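Peer 1: To start, I am sharing the structure in question, which I have written as structure tokens.
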Amino acid sequence: MKYIEYVNQLIRNEVKLAGRIVLFGQNINAGSCLSGLTKNLKVKSGLIINTPNCENTLCGVGFGLMINGVPSIYFMKQQDFLLLGVDHLVNTYNLLRTKNVRGSFTIVSIIYDCGYGGGQSALNNFADFCSIARIPGYTITNAVDARTIINKHLISPGFRIIGVSQRLFNDELIQSVKGTPNRDGSLFQYTKGKDLTIVCFNFSFPYGWELSQKLVPKRLQASLFSVNTLTPINWDQIMINLKRTKKLVLIDDSKSANTACDNFLATALDNCQIKKKLILKRKFSQLWFKPQADNLKVNYSQVINKIIT
Amino acid sequence: MSQMIVNERYKKSDFKIPIHLAFGHESIAVAINELAKKSDQLVLSHRNIHYNLARSGSLKRVLNEYYLRKSGLADGRLGSMNLANQKKNITYTSSILGNNVSVASGLALGQKVKKQKGIVIVVTGDGAIEEGSFYESLVFMKSNHLASLIIVEDNGWSLATRIEERRCHINLNQFTASLGIKFLELSNNDPYVYLKKLTSARQSTIRNKSPFCVGVKLSTLGNWNLKTAEHPLGKSINYHAGPAPTINLSDWPLIKNSAEDPVFVLKKYFSEKLLKRLAKDILESLKREVDEIH
């Protein structure tokens with residue numbers, strides 16, 4: 001099963017059970033239905049609205065529905081468009097937080113991280129985006145986190161953004177993993193090993209998973225974590241592990257400048273005696289926003305050699 | 001008169017928060033207060049004191065909110081520019097121009113989904129109609145058949161610039177007509193006429209399941225003269241925020257001898273003698289209400 005088919009199936013199941021709900025966004029019920037993200041959505045009661053092109057107002061609409069206690073989900077073709085709604089994501093959201101409004105409003109946004117979109121479609125910066133108002137944001141990378149995040153957060157009191165990766169849309173879903181979320185669901189642990197700690201951020205879990213699999217024939221066992229949220233995170237679980245392995249591979253495939261990854265690294269350097277560390281992040285040229293591939297290139301053999309030696 | 005008491009305290013720098021007084025805006029607020037049914041939701045902008053006073057009927061609670069006290073209208077959490085009062089159906093108030101029309105669209109959609117009887121009444125201004133969100137929201141409301149009244153308070157100013165100093169003319173009548181939205185213009189501050197016409201507009205928006213836009217011509221009273229290098233003799237600047245220096249508390253609250261002042265318009269219906277006696281009584285009562293607040 002493809003990544004997007006699974007995400008779509010989970011969303012369909014949730015909204016079908018939801019009772020009264022409003023699903024809205026541009027083209028969510030037409031054409032490719034946002035490349036399959038919103039295909040075949042059905043609601044028990046409520047509305048599915050193909051909206052006009054008015055992103056700012058659509059964000060306000062979600063908050064208005066939230067005030068009136070009507071759960072809603074705004075599906076968005078790509079996160080770059082959401083910049084038009086920043087007023088609501090910051091000002092309206094901040095105001096509603098002071099009022100303790102208990103309705104549910106979720107934006108499910110495609111993060112355009114497959115490259116070649118050009119300067120105005122290069123916003124693979126989910127963490128930066130969420131940081132503007134400490135918006136709870138969740139990234140979906142595999143079957144385990146998809147299930148947990150969508151079941152727990154898609155329709156629940158409060159506001160959040162769930163990001164799905166355009167790059168992963170047509171990839172086979174990583175289903176064979178077993179993972180456990182920490183108490184608040186901000187990060188997941190997939191494997192337990194004594195030789196190495198791998199920590200993935202944004203949508204980089206597939207890289208970390210592949211690396212951990214390539215270590216197996218070499219009789220190395222890695223602890224694999226994926227950090228799926230972008231707001232302050234309790235790092236204790238990873239710190240305990242890192243103190244034991246003393247070896248760290250950190251992977252972040254985003255373009256964000258304000259990341260949980262940097263916060264993690266500062267905490268790790270402060271608390272752990274790390275013997276070896278490799279940080280795999282995007283290297284930016286001056287023209288990072290021109291049309292070009294947006295995936296992270298990982299040389300696994302090189303990484304393994306560096307960690308082993 | 002309540003605003004005049006706030007103004008006097010404002011002059012003494014009593015408040016830490018910014019307040020936008022609304023001298024001259026009272027007629028539309030009184031009419032909307034009378035118009036609004038229990039099932040309606042009211043959505044306001046940064047200049048909202050007139051609606052909050054009309055709805056709450058309590059200067060003391062509004063004042064306490066401005067002092068950020070727990071006994072304030074919103075427990076001292078919202079201050080002035082976001083002051084809402086859920087118990088009196090003021091559901092949301094925004095200090096960002098145009099922001100509240102989008103949220104009003106969501107509230108109206110919520111009412112539709114819940115099959116509620118009420119409408120959303122959103123108050124905005126001639127500055128906010130320049131924002132893209134105003135246009136977007138009208139398109140959204142019309143496309144989704146949402147019953148709502150959009151009240152545009154047109155005082156002709158945005159901060160210290162007149163409309164003609166900052167933009168081209170916007171013909172709201174033609175603009176709303178282009179979207180298939182009905183339009184009504186109110187002027188001259190007669191609250192009885194306003195209420196009659198607004199009642200008809202409210203019925204229309206419910207009947208037609210379509211937004212209805214109401215332009216209200218008014219003046220924010222309290223102008224002052226600004227001398228600059230360009231205007232050595234001074235330029236009349238509209239009162240925007242802060243205390244109104246040219247307005248003083250008096251037991252006869254007439255500020256301007258014209259229909260720009262809602263008090264002046266009341267003389268159409270009541271003798272000046274009666275109005276003066278009522279004003280004196282009201283001032284006494286207000287003073288008693290707020291005397292212990294320092």
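Each chain in the structure tokens gets a letter, A, B, ..., in the order shown, and its residues are numbered from 1; ligands are numbered from 1 in order too.
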Pull the closest atom pair for each residue of chain A that gets at most 9 Å from chain B, along with the distance in Å to one decimal, counting only C-alpha atoms, ordering rows by chain and then ascending residue number, as a Markdown table.
Peer 2:
```
| residue | atom | partner | partner_atom | distance |
| --- | --- | --- | --- | --- |
| A:Arg20 | CA | B:Val113 | CA | 8.0 |
| A:Ile21 | CA | B:Val113 | CA | 8.4 |
| A:Val22 | CA | B:Val113 | CA | 8.1 |
| A:Ser45 | CA | B:Val113 | CA | 8.6 |
| A:Gly46 | CA | B:Val113 | CA | 5.9 |
| A:Leu47 | CA | B:Val113 | CA | 7.4 |
| A:Ile49 | CA | B:Asn144 | CA | 8.7 |
| A:Thr51 | CA | B:Phe140 | CA | 7.6 |
| A:Pro52 | CA | B:Phe140 | CA | 6.8 |
| A:Asn53 | CA | B:Glu136 | CA | 8.1 |
| A:Cys54 | CA | B:Glu136 | CA | 5.6 |
| A:Glu55 | CA | B:Glu136 | CA | 8.6 |
| A:Asn56 | CA | B:Ser133 | CA | 6.5 |
| A:Thr57 | CA | B:Ser102 | CA | 4.7 |
| A:Leu58 | CA | B:Ser102 | CA | 7.3 |
| A:Cys59 | CA | B:Ser102 | CA | 7.8 |
| A:Gly60 | CA | B:Val103 | CA | 4.4 |
| A:Val61 | CA | B:Gly106 | CA | 3.6 |
| A:Gly62 | CA | B:Gly106 | CA | 6.0 |
| A:Phe63 | CA | B:Val103 | CA | 6.2 |
| A:Gly64 | CA | B:Gly106 | CA | 3.9 |
| A:Leu65 | CA | B:Gly106 | CA | 4.8 |
| A:Met66 | CA | B:Gly106 | CA | 8.1 |
| A:Ile67 | CA | B:Leu107 | CA | 7.2 |
| A:Asn68 | CA | B:Gly110 | CA | 5.9 |
| A:Gly69 | CA | B:Gly110 | CA | 7.7 |
| A:Val70 | CA | B:Gly110 | CA | 6.1 |
| A:Asp87 | CA | B:Asn99 | CA | 7.5 |
| A:His88 | CA | B:Asn99 | CA | 7.3 |
| A:Asn91 | CA | B:Ile96 | CA | 7.9 |
| A:Thr92 | CA | B:Ser94 | CA | 7.8 |
| A:Leu95 | CA | B:Asn82 | CA | 8.1 |
| A:Thr98 | CA | B:Arg77 | CA | 7.4 |
| A:Lys99 | CA | B:Arg77 | CA | 8.6 |
```
Peer 1: With C-alpha atoms retained, export the selected residues as a compact mmCIF listing (two decimals), in the first residue's frame.
Peer 2:
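Ended up saving to part_26.txt:
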```
# COMPACT_ATOMS: atom_id res chain seq x y z
CA ARG A 20 -21.26 16.25 12.74
CA ILE A 21 -18.16 17.62 11.04
CA VAL A 22 -17.19 20.07 8.28
CA SER A 45 -23.69 14.59 9.10
CA GLY A 46 -22.16 17.95 8.37
CA LEU A 47 -20.66 19.17 5.14
CA ILE A 49 -17.16 21.85 0.90
CA THR A 51 -14.26 26.08 -1.28
CA PRO A 52 -13.34 29.20 -3.22
CA ASN A 53 -9.65 30.15 -3.27
CA CYS A 54 -9.54 32.15 -0.07
CA GLU A 55 -6.93 30.67 2.27
CA ASN A 56 -6.99 33.51 4.77
CA THR A 57 -10.74 33.30 5.19
CA LEU A 58 -10.66 29.50 5.30
CA CYS A 59 -8.38 29.62 8.33
CA GLY A 60 -10.79 32.07 9.97
CA VAL A 61 -13.70 29.80 9.06
CA GLY A 62 -12.05 26.89 10.87
CA PHE A 63 -11.62 28.97 14.01
CA GLY A 64 -15.19 30.27 13.73
CA LEU A 65 -16.48 26.70 13.54
CA MET A 66 -14.26 25.81 16.48
CA ILE A 67 -15.84 28.58 18.58
CA ASN A 68 -19.27 27.22 17.68
CA GLY A 69 -18.24 23.70 18.67
CA VAL A 70 -18.36 22.24 15.16
CA ASP A 87 -2.94 36.16 10.62
CA HIS A 88 -5.41 33.57 11.89
CA ASN A 91 -3.65 36.18 16.10
CA THR A 92 -6.92 34.27 16.10
CA LEU A 95 -6.87 34.80 21.24
CA THR A 98 -6.93 32.66 26.20
CA LYS A 99 -10.59 31.70 26.00
```
Peer 1: Please list as a list of chain:residue names every residue within 8 Å of segment 51-63 of chain B, counting only C-alpha atoms and excluding residues in the same chain fewer than 2 positions away.
Peer 2: B:Ser2, B:Val6, B:Ala29, B:Val30, B:Asn33, B:Asn48, B:Ile49, B:Glu65, B:Tyr66, B:Tyr67, B:Ser71, B:Gly72, B:Leu73, B:Leu83, B:Ala84, B:Asn85, B:Lys88, B:Ile90, B:Leu286, B:Glu289, B:Val290, B:Ile293
Peer 1: Could you save those same residues with C-alpha atoms as a PDB file, in the first residue's frame?
Peer 2:
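So selection_18.pdb came out as:
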```pdb
ATOM      1  CA  SER B   2     -20.205  56.121  30.060  1.00  0.00           C
ATOM      2  CA  VAL B   6     -13.836  56.397  30.596  1.00  0.00           C
ATOM      3  CA  ALA B  29     -24.666  50.143  18.635  1.00  0.00           C
ATOM      4  CA  VAL B  30     -27.985  50.815  20.340  1.00  0.00           C
ATOM      5  CA  ASN B  33     -28.338  45.791  20.632  1.00  0.00           C
ATOM      6  CA  ASN B  48     -16.084  47.971  20.344  1.00  0.00           C
ATOM      7  CA  ILE B  49     -16.785  49.953  23.529  1.00  0.00           C
ATOM      8  CA  GLU B  65     -11.880  45.003  32.376  1.00  0.00           C
ATOM      9  CA  TYR B  66      -9.893  48.056  31.279  1.00  0.00           C
ATOM     10  CA  TYR B  67      -8.156  47.936  34.665  1.00  0.00           C
ATOM     11  CA  SER B  71     -14.154  41.550  38.171  1.00  0.00           C
ATOM     12  CA  GLY B  72     -13.947  42.834  34.582  1.00  0.00           C
ATOM     13  CA  LEU B  73     -16.284  41.836  31.803  1.00  0.00           C
ATOM     14  CA  LEU B  83     -13.257  42.600  24.471  1.00  0.00           C
ATOM     15  CA  ALA B  84     -16.026  40.045  24.006  1.00  0.00           C
ATOM     16  CA  ASN B  85     -18.899  38.998  26.231  1.00  0.00           C
ATOM     17  CA  LYS B  88     -24.394  38.727  25.886  1.00  0.00           C
ATOM     18  CA  ILE B  90     -20.555  38.996  21.729  1.00  0.00           C
ATOM     19  CA  LEU B 286     -23.158  56.163  36.561  1.00  0.00           C
ATOM     20  CA  GLU B 289     -21.927  52.831  39.921  1.00  0.00           C
ATOM     21  CA  VAL B 290     -18.250  53.502  39.410  1.00  0.00           C
ATOM     22  CA  ILE B 293     -13.436  52.059  41.287  1.00  0.00           C
TER      23      ILE B 293
END
```
Peer 1: Do you know which residues are at most 12 Å from Ala259 of chain B counting only C-alpha atoms, after dropping those on the same chain fewer than 5 positions away, and could you put them as number ranges by chain?
Peer 2: B: 24-25, 27, 187-191, 217-219, 221, 254, 264-268
Peer 1: If we count only C-alpha atoms, what is near Lys196 of chain B at a cut-off of 12 Å, once residues fewer than 6 positions away on the same chain are taken out, given as a PDB file with C-alpha atoms, in the first residue's frame?
Peer 2:
```pdb
ATOM      1  CA  ILE B  28     -25.781  51.934  15.457  1.00  0.00           C
ATOM      2  CA  ALA B  31     -29.909  49.685  17.265  1.00  0.00           C
ATOM      3  CA  ILE B  32     -27.870  46.473  16.933  1.00  0.00           C
ATOM      4  CA  GLU B  34     -32.100  46.047  20.189  1.00  0.00           C
ATOM      5  CA  LEU B  35     -32.035  44.042  16.973  1.00  0.00           C
ATOM      6  CA  LEU B 186     -27.688  54.092   7.026  1.00  0.00           C
ATOM      7  CA  ASP B 190     -31.465  57.939  14.066  1.00  0.00           C
ATOM      8  CA  ARG B 202     -32.250  40.725   9.280  1.00  0.00           C
ATOM      9  CA  GLN B 203     -35.420  39.170   7.888  1.00  0.00           C
TER      10      GLN B 203
END
```
Peer 1: Within 9 Å of Thr205 of chain B, counting only C-alpha atoms, which residues qualify if same-chain residues fewer than 4 places away don't, as a count of residues only?
Peer 2: 12
